[in-house]
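Trainee: File follows, work_25.tsv with TSV, C-alpha atoms and all ligand atoms:
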chain	number	residue	atom	x	y	z
F	1	MET	CA	40.12	-24.74	9.53
F	2	PHE	CA	37.54	-23.16	7.24
F	3	LYS	CA	36.40	-26.55	6.04
F	4	GLN	CA	35.58	-27.53	9.58
F	5	LEU	CA	33.83	-24.35	10.58
F	6	PHE	CA	31.73	-23.83	7.45
F	7	PRO	CA	29.36	-26.81	7.55
F	8	GLY	CA	28.40	-26.00	11.11
F	9	LEU	CA	27.82	-22.35	10.26
F	10	LEU	CA	25.57	-23.23	7.30
F	11	LEU	CA	23.57	-25.67	9.38
F	12	GLY	CA	23.09	-23.01	12.04
F	13	LEU	CA	21.79	-20.52	9.47
F	14	THR	CA	19.44	-23.05	7.94
F	15	LEU	CA	17.91	-23.92	11.29
F	16	ALA	CA	17.51	-20.25	12.14
F	17	MET	CA	15.64	-19.43	8.91
F	18	PRO	CA	12.05	-19.93	10.16
F	19	ALA	CA	12.64	-17.34	12.87
F	20	PHE	CA	13.39	-14.78	10.15
F	21	ALA	CA	10.32	-15.56	8.02
F	22	GLY	CA	9.11	-12.22	6.79
F	23	THR	CA	5.94	-10.52	7.90
F	24	ALA	CA	3.70	-9.05	5.22
F	25	ALA	CA	5.17	-5.64	6.03
F	26	ASP	CA	8.67	-7.05	5.41
F	27	ASP	CA	7.68	-8.75	2.16
F	28	ILE	CA	5.70	-5.90	0.62
F	29	GLN	CA	7.76	-3.30	-1.16
F	30	VAL	CA	5.86	-0.04	-1.63
F	31	ILE	CA	6.29	1.76	-4.94
F	32	ASP	CA	5.66	5.47	-5.50
F	33	PRO	CA	2.92	6.24	-2.93
F	34	TRP	CA	0.98	9.45	-3.63
F	35	ALA	CA	-2.28	11.17	-2.79
F	36	ARG	CA	-4.43	13.49	-4.85
F	37	GLU	CA	-4.41	17.14	-3.93
F	38	VAL	CA	-7.81	18.51	-2.93
F	39	PRO	CA	-8.84	22.14	-2.51
F	40	PRO	CA	-9.59	23.43	1.00
F	41	GLY	CA	-13.15	22.51	1.98
F	42	LEU	CA	-13.04	19.14	0.27
F	43	THR	CA	-12.45	16.38	2.81
F	44	THR	CA	-12.35	13.36	0.51
F	45	SER	CA	-9.45	12.27	-1.65
F	46	ALA	CA	-7.65	9.17	-2.81
F	47	GLY	CA	-4.26	7.58	-2.28
F	48	PHE	CA	-2.35	5.41	-4.72
F	49	LEU	CA	0.69	3.14	-4.66
F	50	GLY	CA	2.17	-0.05	-5.97
F	51	MET	CA	2.69	-3.04	-3.67
F	52	LYS	CA	5.26	-5.60	-4.78
F	53	ASN	CA	5.26	-8.90	-2.92
F	54	THR	CA	8.89	-10.03	-2.60
F	55	GLY	CA	7.96	-12.97	-0.36
F	56	ASP	CA	6.85	-16.47	-1.24
F	57	LYS	CA	3.25	-16.38	-0.04
F	58	GLU	CA	0.23	-14.24	-0.75
F	59	HIS	CA	-0.30	-11.12	1.32
F	60	LYS	CA	-3.32	-8.89	1.65
F	61	LEU	CA	-3.70	-5.23	2.42
F	62	VAL	CA	-6.65	-5.18	4.85
F	63	ALA	CA	-6.73	-1.58	6.08
F	64	ALA	CA	-4.99	1.76	6.10
F	65	GLU	CA	-4.94	4.56	8.65
F	66	SER	CA	-3.66	8.11	8.93
F	67	ALA	CA	-3.69	10.74	11.64
F	68	ASN	CA	-4.89	13.18	8.98
F	69	THR	CA	-8.09	11.30	8.14
F	70	GLY	CA	-11.16	10.21	10.07
F	71	MET	CA	-11.26	7.02	8.03
F	72	ILE	CA	-9.61	5.26	5.11
F	73	GLU	CA	-11.47	2.65	3.07
F	74	LEU	CA	-10.11	0.31	0.41
F	75	HIS	CA	-12.02	0.98	-2.81
F	76	THR	CA	-12.16	-0.19	-6.37
F	77	HIS	CA	-14.05	1.14	-9.40
F	78	ILE	CA	-16.66	-0.92	-11.19
F	79	ASN	CA	-18.30	-0.20	-14.51
F	80	ASP	CA	-22.04	-0.12	-13.75
F	81	ASN	CA	-23.82	0.14	-17.11
F	82	GLY	CA	-21.26	2.60	-18.40
F	83	VAL	CA	-21.03	4.58	-15.17
F	84	MET	CA	-17.86	4.21	-13.11
F	85	ARG	CA	-18.77	3.70	-9.47
F	86	MET	CA	-16.61	3.19	-6.43
F	87	ARG	CA	-17.13	0.17	-4.26
F	88	PRO	CA	-15.40	-0.81	-0.99
F	89	VAL	CA	-13.36	-4.01	-1.07
F	90	GLU	CA	-12.50	-6.11	1.98
F	91	ASN	CA	-8.85	-6.46	1.09
F	92	ILE	CA	-6.35	-6.11	-1.74
F	93	PRO	CA	-4.43	-9.37	-2.34
F	94	VAL	CA	-0.88	-9.43	-3.70
F	95	ALA	CA	0.32	-12.78	-5.05
F	96	PRO	CA	3.95	-13.75	-4.41
F	97	GLY	CA	6.24	-12.15	-6.95
F	98	SER	CA	3.54	-9.87	-8.32
F	99	THR	CA	2.61	-6.23	-7.88
F	100	ALA	CA	-0.81	-4.83	-7.03
F	101	THR	CA	-1.25	-1.33	-8.39
F	102	LEU	CA	-3.59	1.22	-6.86
F	103	GLN	CA	-4.16	3.90	-9.48
F	104	PRO	CA	-6.74	6.45	-10.68
F	105	GLY	CA	-9.75	4.68	-12.16
F	106	GLY	CA	-9.02	1.45	-10.26
F	107	LEU	CA	-8.11	0.35	-6.79
F	108	HIS	CA	-7.40	3.19	-4.36
F	109	LEU	CA	-7.22	4.20	-0.73
F	110	MET	CA	-10.32	6.30	-0.11
F	111	LEU	CA	-9.17	9.08	2.19
F	112	MET	CA	-12.21	10.30	4.11
F	113	MET	CA	-12.80	13.07	6.62
F	114	ILE	CA	-9.47	14.70	5.84
F	115	LYS	CA	-8.49	17.01	8.68
F	116	LYS	CA	-5.76	19.13	7.08
F	117	PRO	CA	-6.02	20.09	3.36
F	118	LEU	CA	-3.73	18.09	1.06
F	119	LYS	CA	-1.42	20.47	-0.80
F	120	ALA	CA	0.74	19.41	-3.72
F	121	GLY	CA	4.35	18.83	-2.68
F	122	GLU	CA	3.50	17.95	0.90
F	123	LYS	CA	3.77	14.47	2.37
F	124	MET	CA	0.99	12.56	4.02
F	125	ALA	CA	1.83	9.81	6.52
F	126	ILE	CA	-0.24	6.66	6.00
F	127	THR	CA	0.03	3.31	7.76
F	128	LEU	CA	-0.76	0.17	5.78
F	129	VAL	CA	-2.15	-2.80	7.73
F	130	PHE	CA	-1.74	-6.33	6.41
F	131	GLU	CA	-3.49	-9.68	6.97
F	132	ASP	CA	-1.00	-10.84	9.61
F	133	GLY	CA	-1.40	-7.63	11.61
F	134	SER	CA	1.95	-6.24	10.51
F	135	LYS	CA	2.01	-2.54	9.62
F	136	LYS	CA	4.05	-0.43	7.24
F	137	ASP	CA	4.41	3.34	7.52
F	138	ILE	CA	4.57	5.16	4.20
F	139	GLU	CA	4.79	8.79	3.13
F	140	ALA	CA	2.49	9.59	0.23
F	141	GLU	CA	3.52	12.60	-1.82
F	142	VAL	CA	0.57	14.90	-2.48
F	143	ARG	CA	0.25	15.65	-6.20
F	144	HIS	CA	-1.98	17.72	-8.38
F	145	PHE	CA	-3.96	15.33	-10.53
F	146	SER	CA	-6.31	15.79	-13.45
F	147	MET	CA	-7.32	13.45	-16.23
F	148	GLU	CA	-4.75	15.19	-18.39
F	149	ASN	CA	-1.94	13.91	-16.18
F	150	MET	CA	-3.18	10.43	-16.89
F	151	LYS	CA	-2.15	10.55	-20.54
F	152	HIS	CA	1.53	10.98	-19.75
F	201	CU	CU	-13.24	5.64	-3.47
Show how you would write the structure in this file as structure tokens.
Mentor:
Amino acid sequence: MFKQLFPGLLLGLTLAMPAFAGTAADDIQVIDPWAREVPPGLTTSAGFLGMKNTGDKEHKLVAAESANTGMIELHTHINDNGVMRMRPVENIPVAPGSTATLQPGGLHLMLMMIKKPLKAGEKMAITLVFEDGSKKDIEAEVRHFSMENMKH
């Protein structure tokens, strides 16, 4: 009885596969999202995370939004004659099977016009927006950060 049922079941699953093709939000696995603590009065900070693409095609982070910011830009750092400067980027691509890492000194989410001060230990809700319009809600842990932390 199994022998008769099984081929039909497998065929059914195979045909159904395209309907389950993952969106970018399904394929991207977010690793350790966090945001830098800023003292009251400062309204600009940065958010960091890893994005692992578990799918089989390239995905791109194209935007991010949060109720606690007026605006979030995607930024990178460039070395301009020995001076590190931030520059907006249009998107952050993640090749299939690889991980894009947003970290201090490199790619980051530029959190602008922050409405409520970011205190270490608190969580900040951020929504990531991908190239296919799919969105992923994440909770970035607010952490105290100084260059000294970087050495660890
Ligand atoms: Cu920046």
Trainee: Please give me, as a PDB file with C-alpha atoms, keeping the file's coordinate frame, the residues lying within 10 Å of ligand CU 201 (chain F) when counting all atoms listed in the file.
Mentor:
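The resulting file, pocket_28.pdb, is shown below:
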ATOM      1  CA  THR F  44     -12.350  13.360   0.510  1.00  0.00           C
ATOM      2  CA  SER F  45      -9.450  12.270  -1.650  1.00  0.00           C
ATOM      3  CA  ALA F  46      -7.650   9.170  -2.810  1.00  0.00           C
ATOM      4  CA  GLY F  47      -4.260   7.580  -2.280  1.00  0.00           C
ATOM      5  CA  ILE F  72      -9.610   5.260   5.110  1.00  0.00           C
ATOM      6  CA  GLU F  73     -11.470   2.650   3.070  1.00  0.00           C
ATOM      7  CA  LEU F  74     -10.110   0.310   0.410  1.00  0.00           C
ATOM      8  CA  HIS F  75     -12.020   0.980  -2.810  1.00  0.00           C
ATOM      9  CA  THR F  76     -12.160  -0.190  -6.370  1.00  0.00           C
ATOM     10  CA  HIS F  77     -14.050   1.140  -9.400  1.00  0.00           C
ATOM     11  CA  ARG F  85     -18.770   3.700  -9.470  1.00  0.00           C
ATOM     12  CA  MET F  86     -16.610   3.190  -6.430  1.00  0.00           C
ATOM     13  CA  ARG F  87     -17.130   0.170  -4.260  1.00  0.00           C
ATOM     14  CA  PRO F  88     -15.400  -0.810  -0.990  1.00  0.00           C
ATOM     15  CA  VAL F  89     -13.360  -4.010  -1.070  1.00  0.00           C
ATOM     16  CA  PRO F 104      -6.740   6.450 -10.680  1.00  0.00           C
ATOM     17  CA  GLY F 105      -9.750   4.680 -12.160  1.00  0.00           C
ATOM     18  CA  GLY F 106      -9.020   1.450 -10.260  1.00  0.00           C
ATOM     19  CA  LEU F 107      -8.110   0.350  -6.790  1.00  0.00           C
ATOM     20  CA  HIS F 108      -7.400   3.190  -4.360  1.00  0.00           C
ATOM     21  CA  LEU F 109      -7.220   4.200  -0.730  1.00  0.00           C
ATOM     22  CA  MET F 110     -10.320   6.300  -0.110  1.00  0.00           C
ATOM     23  CA  LEU F 111      -9.170   9.080   2.190  1.00  0.00           C
ATOM     24  CA  MET F 112     -12.210  10.300   4.110  1.00  0.00           C
TER      25      MET F 112
END
Trainee: Give me, please, the distance in Å between atom CA of F:Val129 and atom CA of F:Val30, quoted to one decimal.
Mentor: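 About the pair atom CA of F:Val129 and atom CA of F:Val30: they are 12.6 Å apart.
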Trainee: Quick one: residues within 12 Å of F:His59, all atoms listed in the file counted, chain neighbours fewer than 6 positions away excluded, as a list in words?
Mentor: Gly22, Thr23, Ala24, Ala25, Asp26, Asp27, Ile28, Gln29, Met51, Lys52, Asn53, Asn91, Ile92, Pro93, Val94, Ala95, Pro96, Gly97, Ser98, Thr99, Ala100, Val129, Phe130, Glu131, Asp132, Gly133 and Ser134 of chain F
Trainee: Between atom CA of F:Glu65 and atom CA of F:Met84, what is the distance in Å, rounded to a tenth?
Mentor: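 Separating atom CA of F:Glu65 from atom CA of F:Met84 is a distance of 25.3 Å.
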Trainee: Atom CA of F:Met113 and atom CA of F:Ala125 are how many Å apart?
Mentor: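 For atom CA of F:Met113 relative to atom CA of F:Ala125, the distance reads 15.0 Å.
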Trainee: Find the residues near F:Arg143: any atom within 10 Å, counting all atoms listed in the file, skip ones fewer than 4 places away on the same chain, and give them as a list in words.
Mentor: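 What passes the distance filter is Trp34, Ala35, Arg36, Glu37, Val38, Leu118, Lys119, Ala120, Gly121, Glu122 and Lys123 of chain F.
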Trainee: At a cut-off of 7 Å from (2.0, 5.0, 0.7) in the coordinates of the file, what residues are picked up using only C-alpha atoms, written as JSON, numbers by chain?
Mentor: {"F": [30, 33, 34, 48, 49, 126, 138, 139, 140]}
Trainee: Keeping only C-alpha atoms, write the selected residues as a short mmCIF file (atom, residue, chain, number, x, y, z; two decimals), in the frame of the given file.
Mentor:
data_model
loop_
_atom_site.label_atom_id
_atom_site.label_comp_id
_atom_site.auth_asym_id
_atom_site.auth_seq_id
_atom_site.Cartn_x
_atom_site.Cartn_y
_atom_site.Cartn_z
CA VAL F 30 5.86 -0.04 -1.63
CA PRO F 33 2.92 6.24 -2.93
CA TRP F 34 0.98 9.45 -3.63
CA PHE F 48 -2.35 5.41 -4.72
CA LEU F 49 0.69 3.14 -4.66
CA ILE F 126 -0.24 6.66 6.00
CA ILE F 138 4.57 5.16 4.20
CA GLU F 139 4.79 8.79 3.13
CA ALA F 140 2.49 9.59 0.23
#
Trainee: Looking at F:Ala63, F:Pro39, F:Asp32, F:Asp56, which one is nearest to F:His144, with distances taken over all atoms listed in the file?
Mentor: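 Closest to F:His144 of all the choices is F:Pro39.
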Trainee: Counting all atoms listed in the file, figure out which residue out of F:Met71, F:Lys135, F:Ser146, F:Asn81 gets nearest to F:Thr43.
Mentor: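 Checking each candidate against F:Thr43, we get F:Met71 as the closest.
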